[in-house]
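Encoded as structure tokens, the structure appears first; notes follow it.
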Amino acid sequence: MTRHEVRLWLRLRELRALGFHFRRQVAIKDYIVDFACYHPRVVIELDGSQHSTRDFAARDAARDAKLTTAGFKIFRVWNNEVEQNLDGVLEKLLHELEHS
């Protein structure tokens, strides 16, 4: 796991007390997702700057479409968001989890 993934993972574990159990490096369909919560069905993808390129964006869109078809909501987070505003990321994520 990258340092950003580790940092997020440590905070995701705190959400277990609220009933949200995340798993890391989960195989779903033909993909390995960074984090997944099965109840509700939410996938977190942590992205670095390379995901802003055209090639990565196209692959991410195809991946998101397959995961969405499988019933998952995709929550994408940039590495710099984890670095600079982890509390804000978790606040948005918690809102998403509670309303999914």
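Within each chain, counting starts at residue 1; across the structure tokens, chains are named A, B, ... in the order shown, with ligands numbered 1 upward in that order.
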Quiz prompt | Residues of chain A in alpha helix (DSSP H), written as a PyMOL selection string | solution = chain A and resi 3-12+54-69+79-98
Exercise. Return as a VMD selection string the full set of residues in chain A whose backbone-based DSSP assignment is strand (DSSP E or B).
Key: chain A and resid 22 to 28 31 to 37 42 to 47 73 to 78
Write a file of the selected residues as a short mmCIF file (atom, residue, chain, number, x, y, z; two decimals), in the first residue's frame, keeping N, CA and C atoms.
```cif
data_model
loop_
_atom_site.label_atom_id
_atom_site.label_comp_id
_atom_site.auth_asym_id
_atom_site.auth_seq_id
_atom_site.Cartn_x
_atom_site.Cartn_y
_atom_site.Cartn_z
N PHE A 22 -14.74 -1.72 6.18
CA PHE A 22 -14.00 -1.65 4.92
C PHE A 22 -12.98 -2.77 4.83
N ARG A 23 -12.79 -3.23 3.61
CA ARG A 23 -11.73 -4.18 3.29
C ARG A 23 -10.78 -3.48 2.33
N ARG A 24 -9.51 -3.87 2.36
CA ARG A 24 -8.55 -3.24 1.46
C ARG A 24 -8.09 -4.23 0.40
N GLN A 25 -7.73 -3.70 -0.76
CA GLN A 25 -7.24 -4.50 -1.89
C GLN A 25 -8.20 -5.65 -2.19
N VAL A 26 -9.42 -5.29 -2.56
CA VAL A 26 -10.49 -6.27 -2.77
C VAL A 26 -10.66 -6.57 -4.25
N ALA A 27 -10.79 -7.84 -4.57
CA ALA A 27 -11.06 -8.26 -5.95
C ALA A 27 -12.56 -8.17 -6.21
N ILE A 28 -12.93 -7.34 -7.17
CA ILE A 28 -14.33 -7.22 -7.60
C ILE A 28 -14.33 -7.23 -9.12
N TYR A 31 -11.14 -6.51 -11.31
CA TYR A 31 -10.33 -5.43 -10.77
C TYR A 31 -9.96 -5.68 -9.31
N ILE A 32 -8.90 -5.03 -8.90
CA ILE A 32 -8.55 -4.94 -7.48
C ILE A 32 -8.81 -3.48 -7.10
N VAL A 33 -9.76 -3.28 -6.21
CA VAL A 33 -10.08 -1.92 -5.78
C VAL A 33 -9.30 -1.61 -4.50
N ASP A 34 -9.06 -0.34 -4.26
CA ASP A 34 -8.28 0.05 -3.08
C ASP A 34 -9.01 -0.33 -1.79
N PHE A 35 -10.27 0.08 -1.67
CA PHE A 35 -11.05 -0.20 -0.47
C PHE A 35 -12.50 -0.45 -0.88
N ALA A 36 -13.16 -1.35 -0.15
CA ALA A 36 -14.57 -1.63 -0.43
C ALA A 36 -15.33 -1.84 0.87
N CYS A 37 -16.54 -1.33 0.89
CA CYS A 37 -17.48 -1.54 2.00
C CYS A 37 -18.70 -2.20 1.35
N VAL A 42 -19.95 0.45 -1.48
CA VAL A 42 -19.15 1.61 -1.85
C VAL A 42 -17.70 1.18 -2.05
N VAL A 43 -17.11 1.63 -3.13
CA VAL A 43 -15.70 1.40 -3.44
C VAL A 43 -14.98 2.73 -3.34
N ILE A 44 -13.82 2.73 -2.70
CA ILE A 44 -12.98 3.93 -2.64
C ILE A 44 -11.76 3.67 -3.51
N GLU A 45 -11.53 4.57 -4.43
CA GLU A 45 -10.33 4.52 -5.27
C GLU A 45 -9.49 5.75 -4.95
N LEU A 46 -8.27 5.51 -4.57
CA LEU A 46 -7.33 6.58 -4.24
C LEU A 46 -6.42 6.80 -5.44
N ASP A 47 -6.46 8.00 -5.99
CA ASP A 47 -5.77 8.28 -7.25
C ASP A 47 -4.63 9.27 -7.09
N LYS A 73 -21.14 1.98 -5.69
CA LYS A 73 -20.96 3.42 -5.85
C LYS A 73 -19.47 3.68 -5.75
N ILE A 74 -18.92 4.49 -6.64
CA ILE A 74 -17.49 4.75 -6.67
C ILE A 74 -17.21 6.10 -6.01
N PHE A 75 -16.30 6.09 -5.07
CA PHE A 75 -15.88 7.31 -4.36
C PHE A 75 -14.40 7.48 -4.66
N ARG A 76 -14.08 8.45 -5.53
CA ARG A 76 -12.68 8.68 -5.93
C ARG A 76 -12.10 9.83 -5.10
N VAL A 77 -10.87 9.61 -4.67
CA VAL A 77 -10.17 10.58 -3.83
C VAL A 77 -8.77 10.76 -4.40
N TRP A 78 -8.31 12.00 -4.48
CA TRP A 78 -6.95 12.28 -4.92
C TRP A 78 -6.00 12.14 -3.72
#
```
Quiz item: Which residues, written as JSON, numbers by chain, have at least one atom at most 12 Å from A:Asp30, with only C-alpha atoms counted and residues fewer than 4 positions away on the same chain left out?
Solution: {"A": [26, 62, 63, 64, 66, 67, 70]}
Near A:Arg7, within 9 Å and counting only C-alpha atoms, which residues show up once chain neighbours fewer than 6 positions away are dropped, as a compact mmCIF listing (two decimals) with C-alpha atoms, in the first residue's frame?
```txt
# COMPACT_ATOMS: atom_id res chain seq x y z
CA VAL A 82 -5.73 12.64 1.78
CA GLU A 83 -2.53 14.54 2.49
CA LEU A 86 -8.23 13.92 5.39
```
